[in-house]
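Source file: start-v7.txt. Holds: compact mmCIF, C-alpha atoms and all ligand atoms.
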```txt
# COMPACT_ATOMS: atom_id res chain seq x y z
CA MET N 966 144.54 -12.43 42.31
CA LEU N 967 144.87 -8.92 41.00
CA ASP N 968 145.77 -6.15 43.34
CA ASP N 969 142.91 -3.63 42.93
CA HIS N 970 144.73 -0.99 44.86
CA ALA N 971 147.77 -1.13 42.55
CA LEU N 972 145.49 -0.96 39.53
CA GLN N 973 143.55 2.05 40.84
CA GLN N 974 146.75 3.85 41.71
CA LEU N 975 148.10 3.19 38.24
CA GLU N 976 144.90 4.44 36.59
CA ARG N 977 145.08 7.66 38.58
CA LYS N 978 148.69 8.15 37.54
CA ILE N 979 147.88 7.54 33.89
CA ASP N 980 145.05 10.07 34.09
CA SER N 981 147.38 12.68 35.48
CA TRP N 982 150.01 12.02 32.76
CA ARG N 983 147.33 12.20 30.11
CA SER N 984 145.90 15.43 31.42
CA ARG N 985 149.32 17.05 31.29
CA VAL N 986 149.75 16.26 27.60
CA ARG N 987 148.70 19.18 25.40
CA ASP N 988 149.14 17.48 22.06
CA ALA N 989 145.93 15.69 21.00
CA ASP N 990 147.78 12.96 19.08
CA GLU N 991 149.98 12.18 22.03
CA ARG N 992 146.94 12.05 24.29
CA LYS N 993 145.47 9.51 21.92
CA THR N 994 148.54 7.30 22.23
CA TYR N 995 147.85 7.09 25.96
CA ASP N 996 144.43 5.63 25.28
CA GLU N 997 145.98 3.25 22.78
CA VAL N 998 148.80 2.09 24.97
CA PHE N 999 146.73 1.62 28.13
CA ASP N 1000 143.89 -0.47 26.81
CA GLN N 1001 142.12 -2.59 29.41
CA GLN N 1002 144.12 -5.74 28.71
CA THR N 1003 147.42 -3.92 29.01
CA LEU N 1004 146.36 -2.30 32.29
CA LEU N 1005 145.47 -5.69 33.70
CA LEU N 1006 148.77 -7.09 32.49
CA ILE N 1007 150.67 -4.31 34.29
CA ALA N 1008 148.69 -5.02 37.44
CA LYS N 1009 149.66 -8.67 37.06
CA LEU N 1010 153.34 -7.78 36.66
CA ILE N 1011 153.10 -5.74 39.86
CA ASN N 1012 151.32 -8.58 41.56
CA ASP N 1013 153.91 -11.11 40.38
CA GLY N 1014 156.65 -8.93 41.84
CA VAL N 1015 158.27 -8.09 38.47
CA LEU N 1016 157.54 -4.41 39.06
CA SER N 1017 156.90 -2.43 42.17
CA THR N 1018 155.76 0.86 40.58
CA VAL N 1019 155.32 2.46 37.19
CA ASP N 1020 156.72 5.94 37.63
CA TYR N 1021 156.63 8.22 34.58
CA PRO N 1022 156.69 8.25 30.78
CA VAL N 1023 160.09 8.38 29.13
CA SER N 1024 159.24 8.30 25.45
CA THR N 1025 156.43 7.95 22.94
CA GLY N 1026 157.76 6.16 19.86
CA LYS N 1027 156.34 4.90 16.62
CA GLU N 1028 155.42 1.46 17.87
CA GLY N 1029 155.46 1.74 21.60
CA ASN N 1030 155.81 3.82 24.72
CA VAL N 1031 158.60 3.55 27.26
CA PHE N 1032 158.06 4.19 30.97
CA HIS N 1033 160.37 4.40 33.93
CA ALA N 1034 159.42 1.76 36.47
CA THR N 1035 160.95 0.46 39.68
CA ALA N 1036 161.66 -3.13 40.63
CA LYS N 1037 160.94 -4.62 44.03
CA ASP N 1038 164.62 -4.28 44.96
CA GLY N 1039 164.52 -0.59 44.04
CA SER N 1040 166.44 -0.84 40.78
CA ALA N 1041 165.31 1.26 37.82
CA LEU N 1042 163.53 -0.43 34.93
CA ALA N 1043 162.41 0.56 31.47
CA MET N 1044 159.00 -0.82 30.57
CA LYS N 1045 158.29 -0.77 26.84
CA ILE N 1046 154.67 -1.23 25.89
CA TYR N 1047 153.94 -1.98 22.28
CA ARG N 1048 150.64 -0.44 21.25
CA VAL N 1049 148.32 -3.13 20.02
CA GLY N 1050 146.10 -0.72 18.10
CA ASN N 1051 148.81 1.11 16.24
CA ALA N 1052 149.59 2.01 12.69
CA GLY N 1053 153.16 0.74 12.42
CA PHE N 1054 151.80 -2.76 12.03
CA LYS N 1055 152.75 -3.34 8.41
CA ASN N 1056 156.30 -2.34 9.05
CA ILE N 1057 156.51 -4.81 11.93
CA ALA N 1058 155.08 -7.67 9.88
CA ASN N 1059 157.97 -7.24 7.42
CA TYR N 1060 160.52 -8.11 10.04
CA ILE N 1061 158.59 -11.05 11.51
CA ILE N 1062 157.93 -12.67 8.16
CA GLY N 1063 161.13 -14.37 7.08
CA ASP N 1064 162.42 -14.80 10.63
CA SER N 1065 162.40 -18.58 11.07
CA ARG N 1066 162.13 -18.21 14.86
CA PHE N 1067 158.61 -16.89 14.35
CA ARG N 1068 157.45 -19.24 11.63
CA ASN N 1069 154.38 -20.33 13.56
CA VAL N 1070 152.97 -16.98 14.57
CA ARG N 1071 149.35 -16.48 13.58
CA ARG N 1072 148.93 -13.45 11.39
CA THR N 1073 146.51 -11.38 13.43
CA ARG N 1074 147.60 -7.94 14.51
CA LYS N 1075 147.69 -8.86 18.17
CA ASP N 1076 149.69 -12.04 17.65
CA ILE N 1077 152.20 -10.21 15.53
CA ILE N 1078 152.63 -7.46 18.15
CA TYR N 1079 153.11 -10.06 20.88
CA ALA N 1080 155.63 -11.91 18.71
CA TRP N 1081 157.42 -8.63 18.11
CA ALA N 1082 157.77 -7.93 21.84
CA GLN N 1083 159.01 -11.47 22.32
CA LYS N 1084 161.43 -10.99 19.45
CA GLU N 1085 162.92 -7.90 21.08
CA TYR N 1086 163.20 -9.80 24.38
CA LYS N 1087 164.99 -12.75 22.75
CA ASN N 1088 167.22 -10.48 20.70
CA LEU N 1089 168.29 -8.59 23.84
CA LEU N 1090 169.07 -11.85 25.65
CA GLY N 1091 171.06 -13.24 22.73
CA MET N 1092 173.00 -10.03 22.19
CA ALA N 1093 173.83 -9.63 25.89
CA ALA N 1094 174.97 -13.26 26.12
CA ALA N 1095 177.41 -12.57 23.29
CA GLY N 1096 178.79 -9.54 25.12
CA ALA N 1097 176.85 -6.67 23.52
CA ARG N 1098 176.12 -3.65 25.69
CA VAL N 1099 172.32 -3.66 25.51
CA PRO N 1100 169.73 -3.26 28.29
CA LYS N 1101 169.28 -6.40 30.37
CA ALA N 1102 166.06 -8.12 29.35
CA ILE N 1103 164.06 -8.92 32.47
CA GLU N 1104 160.57 -10.00 31.48
CA GLN N 1105 158.24 -10.11 28.51
CA GLN N 1106 154.56 -10.85 28.53
CA ARG N 1107 152.29 -10.22 25.58
CA ASN N 1108 152.95 -6.61 24.44
CA ILE N 1109 155.10 -5.60 27.42
CA LEU N 1110 158.87 -5.81 27.67
CA VAL N 1111 160.68 -5.00 30.90
CA MET N 1112 164.41 -4.29 30.80
CA SER N 1113 167.06 -2.50 32.82
CA TYR N 1114 166.98 1.30 32.64
CA VAL N 1115 169.94 3.22 31.25
CA GLY N 1116 170.22 6.59 32.97
CA ASP N 1117 169.48 7.77 36.46
CA GLU N 1118 166.62 9.27 38.45
CA THR N 1119 167.10 12.68 36.88
CA ARG N 1120 167.00 11.63 33.22
CA PRO N 1121 167.21 8.72 30.82
CA ALA N 1122 170.55 8.40 29.05
CA PRO N 1123 170.64 10.78 26.06
CA LEU N 1124 170.78 9.48 22.50
CA LEU N 1125 174.15 9.37 20.76
CA ARG N 1126 172.96 12.13 18.43
CA GLU N 1127 172.30 14.43 21.42
CA VAL N 1128 175.68 14.24 23.12
CA ARG N 1129 178.97 15.95 22.43
CA LEU N 1130 181.55 13.21 22.59
CA ASP N 1131 184.95 14.01 24.10
CA ASP N 1132 186.59 11.30 22.04
CA PRO N 1133 184.49 10.21 19.04
CA ALA N 1134 187.07 7.65 17.86
CA ALA N 1135 187.01 5.91 21.25
CA ALA N 1136 183.20 5.98 21.24
CA LEU N 1137 183.17 4.33 17.81
CA GLU N 1138 185.59 1.69 19.05
CA ASP N 1139 183.23 0.99 21.95
CA LEU N 1140 180.28 0.67 19.56
CA VAL N 1141 182.26 -1.62 17.26
CA GLY N 1142 182.66 -3.95 20.24
CA THR N 1143 178.89 -4.20 20.59
CA MET N 1144 178.39 -4.49 16.81
CA ARG N 1145 180.80 -7.44 16.79
CA ALA N 1146 178.98 -9.05 19.71
CA ILE N 1147 175.61 -8.68 17.94
CA ARG N 1148 177.16 -10.44 14.93
CA LYS N 1149 178.53 -13.13 17.23
CA ALA N 1150 174.99 -13.63 18.53
CA GLY N 1151 174.07 -14.44 14.93
CA LEU N 1152 171.98 -11.30 14.53
CA VAL N 1153 171.79 -8.11 12.52
CA HIS N 1154 170.34 -5.11 14.38
CA GLY N 1155 168.59 -3.65 11.36
CA ASP N 1156 167.91 -0.13 12.68
CA LEU N 1157 171.27 0.92 14.04
CA SER N 1158 172.01 4.64 13.97
CA GLU N 1159 172.69 7.58 16.29
CA TYR N 1160 168.94 7.42 17.13
CA ASN N 1161 169.13 3.98 18.72
CA VAL N 1162 172.31 4.27 20.76
CA LEU N 1163 172.31 5.72 24.28
CA VAL N 1164 175.38 7.21 25.94
CA TRP N 1165 175.81 6.95 29.70
CA ASP N 1166 178.97 7.35 31.76
CA GLY N 1167 181.03 7.31 28.59
CA GLU N 1168 179.59 3.96 27.49
CA LEU N 1169 177.45 3.30 24.41
CA TRP N 1170 174.29 1.19 24.74
CA VAL N 1171 172.46 -0.20 21.75
CA ILE N 1172 168.65 -0.18 22.12
CA ASP N 1173 165.53 -0.77 20.04
CA CYS N 1174 166.38 -4.36 19.11
CA GLY N 1175 162.92 -5.55 18.06
CA GLN N 1176 163.66 -5.61 14.37
CA ALA N 1177 166.96 -7.52 14.67
CA VAL N 1178 166.98 -10.67 12.53
CA PRO N 1179 169.15 -13.79 12.30
CA LEU N 1180 171.98 -13.83 9.78
CA ALA N 1181 170.01 -16.29 7.64
CA HIS N 1182 167.21 -13.75 7.09
CA GLY N 1183 166.81 -12.72 3.45
CA HIS N 1184 167.55 -9.07 4.25
CA ALA N 1185 170.31 -9.66 6.80
CA ASP N 1186 173.22 -8.64 4.53
CA GLU N 1187 171.44 -5.58 3.21
CA TRP N 1188 170.49 -4.41 6.72
CA PHE N 1189 173.99 -5.07 8.06
CA THR N 1190 175.42 -2.88 5.31
CA ARG N 1191 172.84 -0.20 6.09
CA ASP N 1192 173.63 -0.31 9.84
CA CYS N 1193 177.36 0.06 9.17
CA GLY N 1194 176.66 2.86 6.69
CA ASN N 1195 174.61 4.81 9.25
CA VAL N 1196 177.23 4.47 11.97
CA ALA N 1197 180.13 5.30 9.65
CA ARG N 1198 178.35 8.37 8.27
CA TYR N 1199 177.65 9.69 11.76
CA PHE N 1200 181.18 9.24 13.06
CA HIS N 1201 182.73 10.49 9.83
CA ARG N 1202 180.80 13.71 10.36
CA LEU N 1203 182.37 13.95 13.81
CA GLY N 1204 185.78 13.82 12.18
CA VAL N 1205 186.61 10.14 12.65
CA ASP N 1206 188.47 8.54 9.77
CA VAL N 1207 185.96 5.81 8.91
CA THR N 1208 184.14 4.57 5.82
CA ALA N 1209 181.08 2.32 5.54
CA LYS N 1210 183.11 -0.44 3.88
CA GLY N 1211 185.95 -0.08 6.37
CA LEU N 1212 183.55 -0.31 9.29
CA GLU N 1213 181.91 -3.44 7.86
CA GLU N 1214 185.32 -5.05 7.61
CA ARG N 1215 186.20 -4.05 11.15
CA VAL N 1216 183.00 -5.52 12.55
CA LEU N 1217 183.49 -8.73 10.57
CA SER N 1218 187.18 -9.10 11.47
CA GLU N 1219 188.39 -10.71 14.69
N1 LIG Q 1301 166.43 0.65 28.55
C1 LIG Q 1301 166.21 1.95 28.41
N2 LIG Q 1301 166.69 2.83 29.32
C2 LIG Q 1301 166.47 4.17 29.19
N3 LIG Q 1301 165.78 4.72 28.19
C3 LIG Q 1301 165.27 3.90 27.25
C4 LIG Q 1301 165.46 2.48 27.30
N4 LIG Q 1301 164.84 1.93 26.23
C5 LIG Q 1301 164.30 2.94 25.55
N5 LIG Q 1301 164.55 4.14 26.14
C6 LIG Q 1301 164.11 5.47 25.69
O1 LIG Q 1301 162.90 5.32 24.98
C7 LIG Q 1301 163.08 5.74 23.61
C8 LIG Q 1301 162.29 4.81 22.69
O2 LIG Q 1301 162.80 3.50 22.80
P1 LIG Q 1301 162.93 2.57 21.51
O3 LIG Q 1301 163.80 3.25 20.51
O4 LIG Q 1301 163.33 1.23 21.98
O5 LIG Q 1301 161.40 2.52 21.06
P2 LIG Q 1301 160.62 2.79 19.72
O6 LIG Q 1301 159.20 2.61 20.01
O7 LIG Q 1301 161.19 2.00 18.64
O8 LIG Q 1301 160.84 4.29 19.53
P3 LIG Q 1301 161.24 5.13 18.26
O9 LIG Q 1301 160.11 4.96 17.30
O10 LIG Q 1301 161.34 6.50 18.84
O11 LIG Q 1301 162.53 4.56 17.78
C9 LIG Q 1301 164.56 5.72 23.37
O12 LIG Q 1301 164.95 6.65 22.41
C10 LIG Q 1301 165.13 6.07 24.74
O13 LIG Q 1301 165.13 7.46 24.93
MG MG Q 1302 164.20 3.96 18.67
```
Before anything else, please render the file you have as structure tokens.
Amino acid sequence: MLDDHALQQLERKIDSWRSRVRDADERKTYDEVFDQQTLLLIAKLINDGVLSTVDYPVSTGKEGNVFHATAKDGSALAMKIYRVGNAGFKNIANYIIGDSRFRNVRRTRKDIIYAWAQKEYKNLLGMAAAGARVPKAIEQQRNILVMSYVGDETRPAPLLREVRLDDPAAALEDLVGTMRAIRKAGLVHGDLSEYNVLVWDGELWVIDCGQAVPLAHGHADEWFTRDCGNVARYFHRLGVDVTAKGLEERVLSE
């Protein structure tokens, strides 16, 4: 049975977040992200004990919104909600088509979004099992993914591009460890850059793993090269002696 009280409380909170947003487009994303089905699903997650509370918005991205939430045991969670009625749909379909794990997904918008959330969940589990530093995947239902939160109560971990690193070479070495582990998991991230790496307590966390594909995917090699190119370019700019080709070799060696 759904907990009406939890649902009403959540709706009040959402209203207050929405009313604080000045930007009309951003206000619209609130209506998109919290459609009736998604609201009921959140209430169900609360009811099932996956979440205790949904606390505040962390980010509004192209495909989804991320919220800070709290688990029953008090630990901090990141809840990513993929918007079902969003415009990034075509882009998403590109990464699902050609991924043999999702061969049987029906091609309606909703099914593809659900498959996408499931894909990010599975990618996170696979990467973590291989030793990559990625958020711990906790639950996925339909368009909602719940994972561990990187950061603390005062702020989410900043993006790599926002921090001044004390030792860029050591940070790159740390990231190479996770890049190797992702490879070991048989995956290519596909959107790796300073925009999808968080830095917390001197450690680098790779996020945004929805588009990651198996090595057998037709674009896997091309996307691996692109990922390495992005990372090498960023660290080269910080003065680290690294090239795209050299980084590829380092990730592949071991
Ligand atoms: N586990 C997490 N812990 C803390 N913050 C997170 C976590 N996951 C995501 N975030 C925050 O939410 C933002 C958006 O997450 P993510 O990149 O996964 O989503 P996205 O919809 O693809 O967004 P974008 O289009 O901005 O890339 C991140 O840049 C980060 O600031
Ligand atoms: Mg991102």
- Task: Have a look at CA of Val1141 (chain N) and CA of Lys1027 (chain N) and let me know their distance in Å, one decimal.
- Result: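 CA of Lys1027 (chain N) lies 26.7 Å from CA of Val1141 (chain N).
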Can you report as JSON the centre and edge lengths in Å, to one decimal, of an axis-aligned box around the listed atoms of region 1151-1157 of chain N padded with 6 Å on each side?
```
{"center_x": 171.0, "center_y": -6.8, "center_z": 13.1, "size_x": 18.2, "size_y": 27.4, "size_z": 15.6}
```
- Atom pair CA of Gly1183 (chain N) + CA of Ala1097 (chain N), distance 23.2 Å
- Item | Nearest to Val1162 (chain N), chosen from N:Pro1100, N:Val1207, N:Arg1120, N:Leu1110, with all atoms listed in the file counted in the distances |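 The answer is N:Pro1100, which sits nearest to Val1162 (chain N).
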- Query: Which is closer to ligand LIG 1301 (chain Q) than all the others in N:Ala1150, N:Ile1078, N:Ile1046, N:Leu1010, using all atoms listed in the file?
  - Reply: N:Ile1046
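Our summary of the geometry notes that CA of Val1205 (chain N) is positioned 8.5 Å from CA of Leu1137 (chain N).
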Once you count all atoms listed in the file, what closest atom pair and distance in Å to one decimal does each residue of chain N within 8 Å of ligand MG 1302 (chain Q) have, with rows by chain and rising residue number, as CSV?
```
residue,atom,partner,partner_atom,distance
N:Gly1026,CA,Q:MG1302,MG,6.9
N:Tyr1160,CA,Q:MG1302,MG,6.1
N:Asn1161,CA,Q:MG1302,MG,4.9
N:Ile1172,CA,Q:MG1302,MG,7.0
N:Asp1173,CA,Q:MG1302,MG,5.1
```
- Message: Using all atoms listed in the file, which residues of the polymer chains come no farther than 10 Å from ligand LIG 1301 (chain Q)? I'd like the answer as a ChimeraX atom specification.
- Response: /N:1022-1033,1041-1048,1053,1085,1099-1102,1110-1117,1120-1125,1156,1159-1165,1170-1176
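Nearest residue to Asn1088 (chain N) among N:Val1049, N:Val1128, N:Val986, N:Ile1147 is N:Ile1147, counting all atoms listed in the file.
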- Item | Non-local contacts of Gln1083 (chain N) (10 Å; only C-alpha atoms; under 4 positions in same chain excluded) as a PyMOL selection string | chain N and resi 1067+1077-1079+1087-1089+1104-1110+1175
